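What follows is a set of notes on a single structure, which appears directly below.
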Amino acid sequence: MLEMELYSDVIKLISDIRHSKLHNSYDIAIHTEKLIEKLISEGKWNSAEDLMTLIKLRITRFANALPQEATSVNIMRHILKIIRDEYDSGFKNKGEGQQSAHHLGSTTMDDCEDYSKVLPSLKSSLLDNLAEYKVELESSADNIAAQALEHIHANEIILTVGKSSTVEKFLKYAAKSRKFQVVVVEAAPRFLGHLMASNLAKNNIETTVIPDSAVFAMMSRVNKVIIGTHTVLANGGLRAESGVHMVALAAKHYSIPVRI
């Protein structure tokens, strides 16, 4: 029971993801940021070390429960970096810089540095940084969409798979000034491609839905493939809708450029 109370926030996040209340990376990222923001503002901690321990415990709990879900873990790791930077910056402003040249080159900074000193301004600095970080997350899709005209040209045929909010916004932005066609793969078994096609059609984009089995036959007529992804891995791989690998192989066969 004590453990449930201690991790109630991350347990709820895990439950929401498992029950598909949160299913895209944007929603997961925003909810994770809010979780850590609440932990910083209302949690019981005195030093950066205490706070980092609380976050690391949540990272471990989350990674054990959902090992394939990298978005939330990466958000929390990024916030750990923000905490370290703000802690070091706070003491440097006091003339108590801690990092040596050796520590700057170390990959295990948490083990080398002492984060147990109390820094009164840390909480307010972190909340300010998280507010900026939240704005970056919220505007990320708009920033990507703003590049649409560099990739989509008039009279092209674009193929996409399933439904991606980022790709949808990307295509709608391009449609403001260019005419093109979109072929949407329905992406069984969830068939979210139908919803994607409906949303694009409402924006006066000429849209065609095809079954997964027709991808290879259609690919030779396509100018470009644009797909959304849930996670990009360090080795260049990605996690995306079911069927994306098949689409990538077909695009490779016909030498069709793929944009992620």
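Quick note on naming: the chains in the structure tokens go A, B, ... in the order shown, residues restart at 1 in each chain, and ligands are numbered from 1 in order of appearance.
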
Spatial neighbours of A:Ala145, max dist 8 Å, only C-alpha atoms, sep filter under 4 positions, as a PyMOL selection string
chain A and resi 141+166-167+169-171+173-174

A:Thr71 environment, 9 Å, only C-alpha atoms, sequence neighbours closer than 5 positions dropped, as JSON, numbers by chain
{"A": [25, 26, 28, 29, 32, 76, 230, 231]}

Dump N, CA, C and O atoms for the selected residues as a tab-separated table (two decimals), in the first residue's frame?
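See part-v8.tsv below for the written result:
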```
chain	number	residue	atom	x	y	z
A	25	SER	N	2.79	9.48	-28.90
A	25	SER	CA	3.97	9.93	-28.15
A	25	SER	C	3.81	11.35	-27.61
A	25	SER	O	4.33	11.68	-26.54
A	26	TYR	N	3.05	12.19	-28.33
A	26	TYR	CA	2.85	13.57	-27.86
A	26	TYR	C	2.09	13.59	-26.54
A	26	TYR	O	2.49	14.26	-25.58
A	28	ILE	N	1.73	11.19	-24.37
A	28	ILE	CA	2.54	10.57	-23.32
A	28	ILE	C	3.60	11.55	-22.82
A	28	ILE	O	3.84	11.67	-21.61
A	29	ALA	N	4.23	12.27	-23.74
A	29	ALA	CA	5.26	13.24	-23.36
A	29	ALA	C	4.68	14.35	-22.49
A	29	ALA	O	5.26	14.72	-21.46
A	32	THR	N	3.77	13.06	-19.03
A	32	THR	CA	4.98	12.79	-18.25
A	32	THR	C	5.56	14.09	-17.71
A	32	THR	O	5.97	14.17	-16.54
A	76	MET	N	11.76	11.92	-18.79
A	76	MET	CA	12.26	11.98	-17.42
A	76	MET	C	13.79	12.09	-17.39
A	76	MET	O	14.35	12.80	-16.55
A	230	HIS	N	6.32	6.38	-33.58
A	230	HIS	CA	6.13	6.54	-32.14
A	230	HIS	C	7.45	6.80	-31.44
A	230	HIS	O	7.55	7.63	-30.54
A	231	THR	N	8.49	6.07	-31.85
A	231	THR	CA	9.80	6.18	-31.22
A	231	THR	C	10.89	5.99	-32.27
A	231	THR	O	10.81	5.08	-33.08
```

Could you give me, as a short mmCIF file (atom, residue, chain, number, x, y, z; two decimals) with C-alpha atoms, in the first residue's frame, the residues within 12 Å of A:Tyr7, counting only C-alpha atoms and dropping anything in the same chain fewer than 3 positions from it?
```cif
data_model
loop_
_atom_site.label_atom_id
_atom_site.label_comp_id
_atom_site.auth_asym_id
_atom_site.auth_seq_id
_atom_site.Cartn_x
_atom_site.Cartn_y
_atom_site.Cartn_z
CA MET A 1 0.00 0.00 0.00
CA LEU A 2 2.85 2.40 0.84
CA GLU A 3 4.46 1.64 -2.51
CA MET A 4 1.18 2.35 -4.31
CA VAL A 10 3.58 6.86 -12.46
CA ILE A 11 1.27 3.87 -11.85
CA LYS A 12 -1.64 5.92 -13.23
CA LEU A 13 0.47 6.92 -16.24
CA ILE A 14 1.34 3.26 -16.90
CA LEU A 35 3.78 14.35 -13.68
CA ILE A 36 7.35 15.51 -13.02
CA LEU A 39 6.49 16.07 -8.31
CA GLY A 43 6.81 16.38 -3.79
CA LEU A 54 12.53 10.18 -6.87
CA ILE A 55 12.63 10.58 -10.65
CA LYS A 56 15.03 7.66 -11.11
CA LEU A 57 12.73 5.43 -9.08
CA ARG A 58 9.89 6.37 -11.42
CA ILE A 59 12.05 5.71 -14.46
CA THR A 60 12.86 2.24 -13.14
CA ARG A 61 9.21 1.50 -12.32
CA PHE A 62 8.05 2.70 -15.73
#
```

Grab the atom CA of A:Val182 to atom CA of A:Thr207 distance for me, in Å with one decimal place.
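Atom-to-atom, atom CA of A:Val182 and atom CA of A:Thr207 are spaced 4.8 Å apart.
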
Give me, as a PyMOL selection string, the residues of stretch 110-258 of chain A that a backbone DSSP run labels strand (DSSP E).
chain A and resi 157-161+181-185+206-210+224-226+231-232+238-239+258

Nearest residue to A:Phe180 from the set A:Ser8, A:Ser213, A:Asn204, A:Ser165 (distances using only C-alpha atoms):
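The closest residue to A:Phe180 is A:Asn204.
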
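For A:Met246, the set of protein, DNA and RNA residues having any atom at most 10 Å away, when counting only C-alpha atoms and skipping those fewer than 3 positions along the same chain, is Asp212, Ser213, Val215, Phe216, Ser242, Gly243, Leu249, Ala250, Ala251 and Lys252 of chain A.
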
Nearest to A:Asp128 by atom-to-atom distance, counting only C-alpha atoms, from A:Glu241, A:Tyr115, A:His31, A:Ile83
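Of the candidates, the smallest distance to A:Asp128 is held by A:Ile83.
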
Counting only C-alpha atoms, figure out which residue out of A:Lys179, A:His153, A:Arg18, A:Arg259 gets nearest to A:Leu66.
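Closest residue, counting only C-alpha atoms: A:Arg18.
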
Taking 5 positions as the minimum chain separation for residues in the same chain, which residues sit within 9 Å of A:Asn203 when counting only C-alpha atoms? Answer as a PyMOL selection string.
chain A and resi 172+175+198

Filtering to N, CA and C atoms, could you give me those residues as a short mmCIF file (atom, residue, chain, number, x, y, z; two decimals), in the first residue's frame?
```
data_model
loop_
_atom_site.label_atom_id
_atom_site.label_comp_id
_atom_site.auth_asym_id
_atom_site.auth_seq_id
_atom_site.Cartn_x
_atom_site.Cartn_y
_atom_site.Cartn_z
N LYS A 172 -1.75 18.89 -43.97
CA LYS A 172 -2.72 19.99 -44.01
C LYS A 172 -2.02 21.33 -44.23
N ALA A 175 -1.14 21.61 -47.83
CA ALA A 175 -2.33 21.76 -48.67
C ALA A 175 -2.83 23.19 -48.73
N SER A 198 -10.39 10.48 -43.69
CA SER A 198 -11.56 11.33 -43.47
C SER A 198 -11.14 12.74 -43.07
#
```

Point-to-point distance in Å for atom CA of A:Leu80 and atom CA of A:Ser47:
13.1 Å
